[in-house]
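Shown next, in structure tokens, is the structure this report addresses.
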Amino acid sequence: MTTEDSIKQIMSTYLKTSYGDMSNDAVLTDMVAESFVLIEMLMSLQDELGVIINQEDIQHVATIGDLVKVFVEKGAAAQ
Amino acid sequence: MNDNDNEDWILSFYRFSEITGALFFGRLAKVLPAGEIQRDMTKHFADESLHAWYWTKTLSEMGKKPVHIGDAYQDQYLESVGIPTNIMEILAITNVFECRVIAQYALHNRVPDLNPVITSAFDTIMADEKWHIKWIGDALKSLEPKFGKDHIDATLDRYRKADREIYGKIIVEHQERIEHILDVKKKKSV
């Protein structure tokens, strides 16, 4: 499983879609009933992947693909 | 709108805000890893729930009912600054918010001839709020090695700026409702 797959696997437990149906173009805010779910998901991703992100990192994030890219880059930078 | 309606609204606003805080901190307490922050966050969650009850009880003892409030103060924070992404940002935004709550409660508590039921609720809640500021300050300090003191300070500054803008908008939007409180501020600054 690639890093991207691992990230999507974690994300799928918080978003209203199954892992297999996750599209990079899907808009994150359309996939949650409330913003707190995004907070929980971001904290879980950081915990699982051992990276820290902050608001500046996600200010241009809109889609699943955007967020995956942030975590992939953060993970690479941390290695 | 008469003075009674204004009072109903502001006490209902406090109640709604405390409920919103309790729900937020309760959910956070569920997902945080075990440790001091989780312990204190859980107490904070319990306090906010209790405060919501104090305001509900206060309204009831005054023969009033809570009125519907659309958005809590916290909702406007998230709209303005975006969602916090990590525990440091969550604590920083909470710190700024709690300072605003204390300032607002202290200001309101200075309104002359305030109903003793309201004063009593303020006195009880303010003691808890002071502890909230302290534990969050301690927690942010404990996170300095992980996030960096400069980064934490910059985050706090950013949220304080947003807070001033949000509070300014609320004052403009609800001027009539909180005029009796704002009068105290004006007299204080003269």
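Identifiers in the structure tokens: chain A, B, ... in order shown; residue index from 1 per chain; ligand index from 1 in order shown.
Within 8 Å of range 50-53 of chain A, once only C-alpha atoms are used and residues closer than 2 positions along the same chain are dropped, the contacting residues are Gln46, Asp47, Glu48, Gln55, Asp57, Ile58, Phe71, Lys74, Gly75 and Ala78 of chain A; Thr85 and Asn86 of chain B.
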Written selection (N, CA and C atoms) as a CSV table (one decimal), in the first residue's frame:
chain,number,residue,atom,x,y,z
A,46,GLN,N,-2.5,13.1,11.4
A,46,GLN,CA,-1.2,13.6,12.0
A,46,GLN,C,-0.7,12.5,13.0
A,47,ASP,N,-1.6,12.0,13.8
A,47,ASP,CA,-1.2,11.0,14.8
A,47,ASP,C,-0.7,9.7,14.1
A,48,GLU,N,-1.4,9.3,13.1
A,48,GLU,CA,-1.1,8.0,12.4
A,48,GLU,C,0.2,8.2,11.6
A,55,GLN,N,-2.5,25.4,10.0
A,55,GLN,CA,-3.5,26.1,9.1
A,55,GLN,C,-2.9,26.6,7.8
A,57,ASP,N,-0.7,25.2,6.1
A,57,ASP,CA,-0.5,24.1,5.2
A,57,ASP,C,-1.8,23.8,4.4
A,58,ILE,N,-2.9,24.1,5.0
A,58,ILE,CA,-4.2,23.6,4.4
A,58,ILE,C,-5.0,24.8,3.8
A,71,PHE,N,-0.2,15.9,3.0
A,71,PHE,CA,0.3,14.9,3.9
A,71,PHE,C,1.5,14.1,3.3
A,74,LYS,N,4.4,16.4,3.5
A,74,LYS,CA,4.8,16.6,4.9
A,74,LYS,C,5.6,15.3,5.3
A,75,GLY,N,5.0,14.2,4.9
A,75,GLY,CA,5.7,12.9,5.3
A,75,GLY,C,7.0,12.8,4.7
A,78,ALA,N,9.5,15.0,6.4
A,78,ALA,CA,9.8,14.6,7.8
A,78,ALA,C,10.9,13.4,7.7
B,85,THR,N,-6.1,22.9,13.0
B,85,THR,CA,-5.6,21.6,12.4
B,85,THR,C,-4.9,20.7,13.4
B,86,ASN,N,-4.5,21.3,14.5
B,86,ASN,CA,-3.8,20.5,15.5
B,86,ASN,C,-4.1,21.0,16.9
### Task
Go through range 33-154 of chain B and collect every residue that DSSP, computed from the backbone, puts in helix (DSSP H, G or I); the answer should be as a ChimeraX atom specification.
/B:36-61,73-81,87-109,116-142,144-147,149-154
### Message
Set the cut-off to 12 Å and count only C-alpha atoms: what are the residues of chain B that reach chain A? Output as number ranges by chain.
### Response
B: 20, 23-33, 75, 78-79, 81-90, 146-147, 151-152, 155, 158-159
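We find CA of Tyr14 in chain A and CA of Val61 in chain A to be spaced 16.8 Å apart.
Among the candidate residues B:Ile170, B:Leu140, B:Ala106, B:Met41, the one lying nearest to Asp153 in chain B is B:Leu140, with distances computed using only C-alpha atoms.
The coordinates place CA of Leu143 in chain B at 13.4 Å from CA of Leu156 in chain B.
Atom pair CA of Glu179 in chain B / CA of Gly21 in chain B has a distance of 25.0 Å (rounded to one decimal).
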### For Ala72 in chain B: contacts at 9 Å, only C-alpha atoms, fewer than 6 positions along chain excluded, given as JSON, numbers by chain
{"B": [13, 14, 16, 17, 18, 20]}
Give me a file of those residues, with C-alpha atoms, as a compact mmCIF listing (two decimals), in the first residue's frame.
# COMPACT_ATOMS: atom_id res chain seq x y z
CA PHE B 13 -26.61 33.78 23.97
CA TYR B 14 -24.36 32.92 26.94
CA PHE B 16 -25.95 28.70 23.78
CA SER B 17 -22.29 29.59 23.69
CA GLU B 18 -21.55 27.42 26.75
CA THR B 20 -21.51 24.90 21.94
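Taking only C-alpha atoms into account, Leu59 in chain B lies nearest to B:Ile118 out of the set B:Ile125, B:Ala34, B:Ala154, B:Ile118.
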